[in-house]
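> I'd like to ask you about the structure that follows.
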Amino acid sequence: MIQEPVSADALLYERVASRIGKLIDDGVLRPGDRIPSVRRSSHQHGVSVSTAVQAYIALEDRGLIEARPKSGFYVRPRLHRVLAEPRASRPSASAKLVGNTALMARIFEAASRPDVVPLGAGCPSDALLPTTKLNRLLAAATRSNGARGIGYDLPPGCEPLRRQLARRSLDWGCHLGPEDFITTCGATEALILSLRAVTKPGDIVAVESPTYFGVLQALDGLGLKALEIPTHPRDGLDLAALGAAMRRHRIAACVVTPNFHNPLGCLMPDANKRALVEMLAKREIPIIEDDAYGDVQFEGERPRALKSYDTKGLVLLCGSFSKTLAPGYRVGFCAPGRFFEKVKALKLTNTIATPTLPQLAIAEFIQRGGYDHHLRAVRRTYAEQVQRVSHAIAESFPPGIKMTCPHGGMFLWIELPRKVDALELSDRAQREEISIGPGPLFSAKQQFRNFIRVSCGHPWSGRIERAVGVLGSLAKRAAA
Ligand SMILES: Cc1ncc(COP(=O)(O)O)c(C=O)c1O
């Protein structure tokens, strides 16, 4: 076996990082404690300042420490379960045509009103987005690209962006090239094109239960039937249940969000990812992988994509920059494997092209290294918000509720007492100018009547704290 050469510097910074990591694990350094400055650490460990910086970056990436502006480095609060988690879902075993567009429109409308506290929408707050930097890059792209910037950028789409995606795919455990990607208008278009490429109207598509309502809307629009599969709030899709469903139904495709699912926040273990890909490959069933939240783990390495286990080209990987950079740019992508030509042709007929300038601006942002830097802040903020909202919910909601403990993404999924009707609770909350995601929105059969999704995409503030308190009082009243 050929050994990768490891530089002395690499070993040194790792050694410093693991020494500090051990102090944190052993409780010598506690959450909230300030750790020595980089300069002091370099002195303490007898290494250069740049090695100490590398060690701190590694500790940040592992979620152990965080930098606070103008203040230094601190041990991060550890994620811990605040309440018991809900059980795995048990949806009924029949497939159904979907249709809750009106409910979805109502929630979106409420969530976009500035006077409403946005605990309903799955959008990052403006405060989290690198608006000034992106605007600058967009303006530069306008100037330097002339007519190219306002022309069609025909599929497969912006080459500089596809190059950056290819580079980033190494972090997903994939080895994709620029030629494997098609750029799209958000993950939404990637999902719709993928569904169109592998199904025909009337087909059955297996989905997680609960699932992102955008997937349900896409199935609705294409005349497809959703077959809801039991899903665990920690490990995701129940593979045994999917296997049983495959024996009962002719499943045309399976849509999965293995990394930080919306709304469950669950992360499918790597062994399950591999097993899922192998199980469906045996029957030549395509998997549409929605990786919209793959970049926002709270600690440790970025999780692998299902696509990294795909040897037959059956996984259509979909993603976007909506949850981390610029939802309004509508820049997403699809790596559709063996369905590449089909998705490319469908992209042309669907929207002809993805807007050129936003793609160029994002490509430049990534190329300059800004994305990785920005992601660190996004991950830290989402993690902190999830933790704070969890605690506030545990304090103000009725006793006996259950709640997920996600390790990435931005959602909490809460099981309320059976008596509480989430749709009524959502209406009452809206009257108090608070939006939430009622459970039935996430099911083709409008199940989860006593569940709600709370979004943590906005920085913690007195306004959010008050809104969670009001929501808790409404839930208590409904449960009484
Ligand atoms: C799981 C999931 N997939 C896809 C999307 C849509 O992403 P985009 O805005 O890139 O179309 C969302 C947005 O909420 C989502 O939560």
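So you can find residues: chains in the structure tokens are A, B, ... in the order shown, residues in each start at 1, and ligands are numbered from 1 in order.
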Using only C-alpha atoms and all ligand atoms, which residues of chain A come within 6 Å of ligand 1, and what is the closest atom pair for each, with the distance in Å to one decimal? Give it as a Markdown table, sorted by chain and residue number.


```
| residue | atom | partner | partner_atom_place_in_ligand_line | distance |
| --- | --- | --- | --- | --- |
| A:Gly122 | CA | ligand 1 | 14 (O) | 5.0 |
| A:Gly186 | CA | ligand 1 | 10 (O) | 3.5 |
| A:Ala187 | CA | ligand 1 | 10 (O) | 3.7 |
| A:Thr188 | CA | ligand 1 | 11 (O) | 3.7 |
| A:Tyr212 | CA | ligand 1 | 1 (C) | 5.4 |
| A:Asn262 | CA | ligand 1 | 1 (C) | 5.0 |
| A:Asp290 | CA | ligand 1 | 3 (N) | 5.7 |
| A:Ala292 | CA | ligand 1 | 3 (N) | 5.1 |
| A:Ser320 | CA | ligand 1 | 10 (O) | 4.6 |
| A:Ser322 | CA | ligand 1 | 10 (O) | 4.7 |
| A:Pro327 | CA | ligand 1 | 9 (O) | 5.5 |
| A:Gly332 | CA | ligand 1 | 10 (O) | 5.7 |
```

> Filtering to N, CA and C atoms, could you give me those residues as a PDB file, in the first residue's frame?


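File produced: out-v6.pdb:
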```pdb
ATOM      1  N   GLY A 122     -38.505  27.694   6.383  1.00  0.00           N
ATOM      2  CA  GLY A 122     -37.171  27.081   6.424  1.00  0.00           C
ATOM      3  C   GLY A 122     -36.141  27.933   5.716  1.00  0.00           C
ATOM      4  N   GLY A 186     -32.393  26.380  -8.151  1.00  0.00           N
ATOM      5  CA  GLY A 186     -32.614  25.854  -6.802  1.00  0.00           C
ATOM      6  C   GLY A 186     -32.687  24.332  -6.795  1.00  0.00           C
ATOM      7  N   ALA A 187     -32.701  23.796  -5.564  1.00  0.00           N
ATOM      8  CA  ALA A 187     -32.858  22.341  -5.419  1.00  0.00           C
ATOM      9  C   ALA A 187     -34.246  21.926  -5.897  1.00  0.00           C
ATOM     10  N   THR A 188     -35.199  22.871  -5.831  1.00  0.00           N
ATOM     11  CA  THR A 188     -36.573  22.545  -6.237  1.00  0.00           C
ATOM     12  C   THR A 188     -36.609  22.089  -7.688  1.00  0.00           C
ATOM     13  N   TYR A 212     -40.370  16.711   3.477  1.00  0.00           N
ATOM     14  CA  TYR A 212     -40.406  18.126   3.078  1.00  0.00           C
ATOM     15  C   TYR A 212     -41.610  18.358   2.157  1.00  0.00           C
ATOM     16  N   ASN A 262     -35.543  17.550   6.557  1.00  0.00           N
ATOM     17  CA  ASN A 262     -36.574  18.542   6.858  1.00  0.00           C
ATOM     18  C   ASN A 262     -37.907  17.821   6.890  1.00  0.00           C
ATOM     19  N   ASP A 290     -31.944  14.380  -1.865  1.00  0.00           N
ATOM     20  CA  ASP A 290     -32.061  15.822  -1.611  1.00  0.00           C
ATOM     21  C   ASP A 290     -31.037  16.181  -0.529  1.00  0.00           C
ATOM     22  N   ALA A 292     -30.044  19.282   0.416  1.00  0.00           N
ATOM     23  CA  ALA A 292     -30.126  20.736   0.633  1.00  0.00           C
ATOM     24  C   ALA A 292     -29.440  21.186   1.932  1.00  0.00           C
ATOM     25  N   SER A 320     -28.411  22.760  -3.395  1.00  0.00           N
ATOM     26  CA  SER A 320     -28.479  24.186  -3.746  1.00  0.00           C
ATOM     27  C   SER A 320     -27.693  25.002  -2.728  1.00  0.00           C
ATOM     28  N   SER A 322     -29.324  27.547  -1.222  1.00  0.00           N
ATOM     29  CA  SER A 322     -30.404  28.332  -0.614  1.00  0.00           C
ATOM     30  C   SER A 322     -30.331  28.385   0.906  1.00  0.00           C
ATOM     31  N   PRO A 327     -30.874  32.304  -0.936  1.00  0.00           N
ATOM     32  CA  PRO A 327     -32.065  31.601  -1.441  1.00  0.00           C
ATOM     33  C   PRO A 327     -32.649  32.256  -2.689  1.00  0.00           C
ATOM     34  N   GLY A 332     -29.079  26.083  -7.889  1.00  0.00           N
ATOM     35  CA  GLY A 332     -28.985  24.723  -7.377  1.00  0.00           C
ATOM     36  C   GLY A 332     -28.280  23.844  -8.398  1.00  0.00           C
TER      37      GLY A 332
END
```

> Enumerate the residues of region 159-301 of chain A with a DSSP assignment of alpha helix (DSSP H), computed from the backbone, and present them as a PyMOL selection string.

chain A and resi 159-168+186-198+213-221+239-248+270-282

> Using backbone DSSP assignments, extract all strand (DSSP E) residues from region 271-343 of chain A; output them as a PyMOL selection string.

chain A and resi 287-290+315-320+331-335

> Create the file for the chosen residues now, containing N, CA, C and O atoms and written as a PDB file, in the first residue's frame.


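Wrote it out as result17.pdb, contents follow:
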```
ATOM      1  N   ILE A 287     -32.737   6.583  -6.962  1.00  0.00           N
ATOM      2  CA  ILE A 287     -32.901   7.334  -5.714  1.00  0.00           C
ATOM      3  C   ILE A 287     -32.681   8.805  -6.031  1.00  0.00           C
ATOM      4  O   ILE A 287     -31.647   9.172  -6.600  1.00  0.00           O
ATOM      5  N   ILE A 288     -33.622   9.643  -5.628  1.00  0.00           N
ATOM      6  CA  ILE A 288     -33.427  11.084  -5.757  1.00  0.00           C
ATOM      7  C   ILE A 288     -32.988  11.579  -4.384  1.00  0.00           C
ATOM      8  O   ILE A 288     -33.748  11.505  -3.413  1.00  0.00           O
ATOM      9  N   GLU A 289     -31.752  12.018  -4.317  1.00  0.00           N
ATOM     10  CA  GLU A 289     -31.168  12.419  -3.034  1.00  0.00           C
ATOM     11  C   GLU A 289     -31.252  13.935  -2.895  1.00  0.00           C
ATOM     12  O   GLU A 289     -30.685  14.671  -3.703  1.00  0.00           O
ATOM     13  N   ASP A 290     -31.944  14.380  -1.865  1.00  0.00           N
ATOM     14  CA  ASP A 290     -32.061  15.822  -1.611  1.00  0.00           C
ATOM     15  C   ASP A 290     -31.037  16.181  -0.529  1.00  0.00           C
ATOM     16  O   ASP A 290     -31.213  15.836   0.638  1.00  0.00           O
ATOM     17  N   VAL A 315     -28.227   7.133  -8.503  1.00  0.00           N
ATOM     18  CA  VAL A 315     -28.564   8.208  -7.544  1.00  0.00           C
ATOM     19  C   VAL A 315     -28.515   9.548  -8.267  1.00  0.00           C
ATOM     20  O   VAL A 315     -27.512   9.887  -8.902  1.00  0.00           O
ATOM     21  N   LEU A 316     -29.629  10.286  -8.164  1.00  0.00           N
ATOM     22  CA  LEU A 316     -29.683  11.636  -8.729  1.00  0.00           C
ATOM     23  C   LEU A 316     -29.532  12.597  -7.555  1.00  0.00           C
ATOM     24  O   LEU A 316     -30.454  12.751  -6.738  1.00  0.00           O
ATOM     25  N   LEU A 317     -28.358  13.174  -7.441  1.00  0.00           N
ATOM     26  CA  LEU A 317     -28.063  14.039  -6.287  1.00  0.00           C
ATOM     27  C   LEU A 317     -28.525  15.470  -6.573  1.00  0.00           C
ATOM     28  O   LEU A 317     -28.160  16.050  -7.604  1.00  0.00           O
ATOM     29  N   CYS A 318     -29.326  16.035  -5.658  1.00  0.00           N
ATOM     30  CA  CYS A 318     -29.846  17.397  -5.842  1.00  0.00           C
ATOM     31  C   CYS A 318     -29.394  18.269  -4.672  1.00  0.00           C
ATOM     32  O   CYS A 318     -29.374  17.812  -3.521  1.00  0.00           O
ATOM     33  N   GLY A 319     -29.068  19.508  -4.944  1.00  0.00           N
ATOM     34  CA  GLY A 319     -28.673  20.406  -3.858  1.00  0.00           C
ATOM     35  C   GLY A 319     -28.788  21.854  -4.301  1.00  0.00           C
ATOM     36  O   GLY A 319     -29.219  22.151  -5.427  1.00  0.00           O
ATOM     37  N   SER A 320     -28.411  22.760  -3.395  1.00  0.00           N
ATOM     38  CA  SER A 320     -28.479  24.186  -3.746  1.00  0.00           C
ATOM     39  C   SER A 320     -27.693  25.002  -2.728  1.00  0.00           C
ATOM     40  O   SER A 320     -27.137  24.456  -1.775  1.00  0.00           O
ATOM     41  N   VAL A 331     -29.985  29.285  -7.151  1.00  0.00           N
ATOM     42  CA  VAL A 331     -28.939  28.476  -7.782  1.00  0.00           C
ATOM     43  C   VAL A 331     -28.861  27.116  -7.087  1.00  0.00           C
ATOM     44  O   VAL A 331     -28.639  27.037  -5.880  1.00  0.00           O
ATOM     45  N   GLY A 332     -29.079  26.083  -7.889  1.00  0.00           N
ATOM     46  CA  GLY A 332     -28.985  24.723  -7.377  1.00  0.00           C
ATOM     47  C   GLY A 332     -28.280  23.844  -8.398  1.00  0.00           C
ATOM     48  O   GLY A 332     -27.752  24.344  -9.399  1.00  0.00           O
ATOM     49  N   PHE A 333     -28.304  22.545  -8.139  1.00  0.00           N
ATOM     50  CA  PHE A 333     -27.609  21.645  -9.063  1.00  0.00           C
ATOM     51  C   PHE A 333     -28.142  20.231  -8.944  1.00  0.00           C
ATOM     52  O   PHE A 333     -28.799  19.874  -7.954  1.00  0.00           O
ATOM     53  N   CYS A 334     -27.834  19.463  -9.971  1.00  0.00           N
ATOM     54  CA  CYS A 334     -28.206  18.057  -9.980  1.00  0.00           C
ATOM     55  C   CYS A 334     -27.034  17.280 -10.571  1.00  0.00           C
ATOM     56  O   CYS A 334     -26.451  17.715 -11.569  1.00  0.00           O
ATOM     57  N   ALA A 335     -26.691  16.164  -9.932  1.00  0.00           N
ATOM     58  CA  ALA A 335     -25.714  15.241 -10.514  1.00  0.00           C
ATOM     59  C   ALA A 335     -26.499  13.955 -10.762  1.00  0.00           C
ATOM     60  O   ALA A 335     -26.643  13.122  -9.869  1.00  0.00           O
TER      61      ALA A 335
END
```

> For the contact check between region 226-251 of chain A and region 400-422 of chain A, emit one row per residue of region 226-251 of chain A within 12 Å, containing the shortest atom pair and the distance in Å rounded to one decimal, counting only C-alpha atoms, chain then rising number order, as CSV.


```
residue,atom,partner,partner_atom,distance
A:His232,CA,A:Thr404,CA,10.1
A:Pro233,CA,A:Thr404,CA,6.4
A:Arg234,CA,A:Pro406,CA,7.6
A:Asp235,CA,A:Pro406,CA,10.6
A:Gly236,CA,A:Pro406,CA,11.4
```

> Output all heavy atoms of each residue in that selection to a file, as a compact mmCIF listing (two decimals), in the first residue's frame.


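This went into result.txt:
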```
# COMPACT_ATOMS: atom_id res chain seq x y z
N HIS A 232 -37.26 7.24 11.18
CA HIS A 232 -36.85 7.44 12.58
C HIS A 232 -36.29 8.85 12.75
O HIS A 232 -35.55 9.32 11.90
CB HIS A 232 -35.81 6.38 12.96
CG HIS A 232 -35.55 6.35 14.42
ND1 HIS A 232 -34.66 7.22 15.02
CD2 HIS A 232 -36.08 5.58 15.40
CE1 HIS A 232 -34.66 6.97 16.33
NE2 HIS A 232 -35.51 5.99 16.58
N PRO A 233 -36.61 9.51 13.88
CA PRO A 233 -36.15 10.90 14.04
C PRO A 233 -34.64 11.05 14.21
O PRO A 233 -34.13 12.17 14.18
CB PRO A 233 -36.87 11.38 15.30
CG PRO A 233 -37.34 10.17 15.98
CD PRO A 233 -37.49 9.10 14.96
N ARG A 234 -33.92 9.93 14.39
CA ARG A 234 -32.45 10.06 14.48
C ARG A 234 -31.75 9.47 13.26
O ARG A 234 -30.85 10.08 12.72
CB ARG A 234 -31.97 9.36 15.75
CG ARG A 234 -30.77 10.02 16.38
CD ARG A 234 -30.38 9.39 17.69
NE ARG A 234 -31.52 8.88 18.45
CZ ARG A 234 -31.57 7.66 18.97
NH1 ARG A 234 -30.57 6.82 18.86
NH2 ARG A 234 -32.64 7.27 19.65
N ASP A 235 -32.20 8.27 12.84
CA ASP A 235 -31.47 7.55 11.77
C ASP A 235 -32.10 7.70 10.40
O ASP A 235 -31.55 7.24 9.41
CB ASP A 235 -31.40 6.06 12.10
CG ASP A 235 -30.60 5.80 13.34
OD1 ASP A 235 -29.85 6.70 13.76
OD2 ASP A 235 -30.72 4.69 13.90
N GLY A 236 -33.28 8.27 10.34
CA GLY A 236 -33.93 8.47 9.04
C GLY A 236 -34.72 7.27 8.56
O GLY A 236 -35.20 6.46 9.36
```

> Between A:Arg162, A:Arg87, A:Arg148, A:Arg196, which one has atoms that come closest to Lys342 (chain A), using only C-alpha atoms?

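Ranking A:Arg162, A:Arg87, A:Arg148, A:Arg196 by distance to Lys342 (chain A), first place goes to A:Arg196.
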
> Counting only C-alpha atoms, what are the residues of region 404-455 of chain A within 12 Å of region 93-112 of chain A, and for each of them which pair of atoms is the nearest and at what distance in Å, to one decimal? Sort the table by chain and rising number, as CSV.


```
residue,atom,partner,partner_atom,distance
A:Leu423,CA,A:Leu103,CA,9.4
A:Ser426,CA,A:Ile107,CA,8.9
A:Asp427,CA,A:Ile107,CA,9.9
A:Ala429,CA,A:Ala110,CA,10.5
A:Gln430,CA,A:Ala110,CA,7.4
A:Arg431,CA,A:Ala110,CA,10.3
A:Glu432,CA,A:Ala110,CA,11.4
A:Glu433,CA,A:Ala110,CA,8.4
A:Ile434,CA,A:Ala111,CA,8.2
A:Ser435,CA,A:Ala111,CA,5.8
A:Ile436,CA,A:Ile107,CA,7.7
A:Gly437,CA,A:Ile107,CA,7.1
A:Pro438,CA,A:Ile107,CA,8.8
A:Gly439,CA,A:Leu103,CA,11.1
A:Pro440,CA,A:Asn100,CA,8.8
A:Leu441,CA,A:Met104,CA,6.8
A:Phe442,CA,A:Asn100,CA,9.3
A:Ser443,CA,A:Val98,CA,8.6
A:Ala444,CA,A:Val98,CA,5.1
A:Lys445,CA,A:Lys96,CA,7.3
A:Gln446,CA,A:Asn100,CA,8.2
A:Gln447,CA,A:Asn100,CA,11.9
A:Arg453,CA,A:Ile107,CA,11.7
A:Val454,CA,A:Ala111,CA,11.9
A:Ser455,CA,A:Ala111,CA,10.7
```

> Quick one: pull the distance between CA of Ile464 (chain A) and CA of Leu425 (chain A), Å, one decimal.

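Answer for the CA of Ile464 (chain A) to CA of Leu425 (chain A) separation: 17.3 Å.
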
> Looking at A:Ile366, A:Leu170, A:Ile182, A:Val277, which one is nearest to Phe339 (chain A), with distances taken over only C-alpha atoms?

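Nearest to Phe339 (chain A): A:Ile182.
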
> Show me, as a list in words, the residues that have an atom within 10 Å of Cys158 (chain A) when counting only C-alpha atoms, minus same-chain residues fewer than 6 positions from it.

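Once the nearby chain positions are removed, what remains is Pro178, Phe181, Ile182, Thr183, Thr184, Ala353, Thr354, Pro355, Thr356, Leu357, Pro358, Gln359, Leu360 and Ala363 of chain A.
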